Amino acid sequence: MGKKFILKLLTAGEGGVGKTTLLHRYVEGKFSQSTKMTIGVEFFLKEVEVDGQQCTLQLWDFGGQERFRFLLESYVLGAKGALLMFDLTRIQTLENLEQWVNIVRKGDPNLPILFVGTKLDLEDEIMVQDDYAKSFLEELNLFDYIKISSKTGHNVQESFELLTKRILERQQP
């Protein structure tokens, strides 16, 4: 059996974009309609195998509220990757992306960040078009863009797999 990786992954983005809901769906396989606002940071653990590598994912759920941001910079150290999330139905959740990128990249200026559009199931309310979302990839040096629904589970597994694969590629000598 190969080396076991312990990977610290961050979820970042404005309050209400679905960070906690995504983590509950990914870790427990359940959709929880009513999650409470995250105060500061919570975390989850998930054992996975990606490309034959055993990985323990430490999933750090950052509170999105402005008043908690000063806390976050001390939590990012040692992170191997991040999901930068926004709500497809609320264009204003794209306003502070650069601030979030700066927070999660505090300890590693090249930290792999996957850009995640949430609430894909609310089809009739989607306001952010793919082309616009993808325009942030190069600007903020994000490695990919994916749309998910924590409610239906669409692309939930895939988003973590994409990020984990990118991190494992970086670990190779």
# chains A, B, ... in the order shown; residues from 1 in each chain; ligands from 1
$ residues_around --residues "Glu49 in chain A" --least-positions-apart "3" --cutoff "12 Å" --atoms "only C-alpha atoms" --output "ChimeraX atom specification"
/A:1-6,46,52-57,157,160-161,164-165,168
$ select_by_dssp --residues "range 99-132 of chain A" --states "helix (DSSP H, G or I)" --output "ChimeraX atom specification"
/A:99-104,123-125,130-132
$ write_last_selection --atoms "C-alpha atoms" --output "mmCIF file, in the first residue's frame"
data_model
loop_
_atom_site.group_PDB
_atom_site.id
_atom_site.type_symbol
_atom_site.label_atom_id
_atom_site.label_comp_id
_atom_site.auth_asym_id
_atom_site.auth_seq_id
_atom_site.Cartn_x
_atom_site.Cartn_y
_atom_site.Cartn_z
ATOM 1 C CA GLN A 99 -10.474 38.829 -0.927
ATOM 2 C CA TRP A 100 -11.251 35.129 -0.479
ATOM 3 C CA VAL A 101 -8.409 34.101 -2.790
ATOM 4 C CA ASN A 102 -6.018 36.276 -0.772
ATOM 5 C CA ILE A 103 -7.187 34.663 2.471
ATOM 6 C CA VAL A 104 -6.846 31.042 1.317
ATOM 7 C CA GLU A 123 -32.493 26.466 -12.581
ATOM 8 C CA ASP A 124 -35.072 29.230 -12.964
ATOM 9 C CA GLU A 125 -33.181 31.546 -10.618
ATOM 10 C CA ASP A 130 -20.820 30.171 -17.459
ATOM 11 C CA ASP A 131 -18.827 32.617 -19.584
ATOM 12 C CA TYR A 132 -18.921 35.216 -16.840
#
$ closest_residue --among "A:Ile167, A:Val48, A:Gly13, A:Gly81" --to "Val27 in chain A" --atoms "only C-alpha atoms"
A:Val48
$ residues_around --residues "Glu28 in chain A" --least-positions-apart "2" --cutoff "12 Å" --atoms "only C-alpha atoms" --output "ChimeraX atom specification"
/A:20-26,30-32,44-47,150,153,156-157
$ closest_residue --among "A:Arg105, A:Arg170, A:Lys19, A:Lys151" --to "Glu42 in chain A" --atoms "only C-alpha atoms"
A:Lys19
$ atom_distance --atom1 "CA of Ser149 in chain A" --atom2 "CA of Leu72 in chain A"
25.5 Å
$ closest_residue --among "A:Ser159, A:Gln129, A:Gln58, A:Ser74" --to "Thr89 in chain A" --atoms "only C-alpha atoms"
A:Gln129
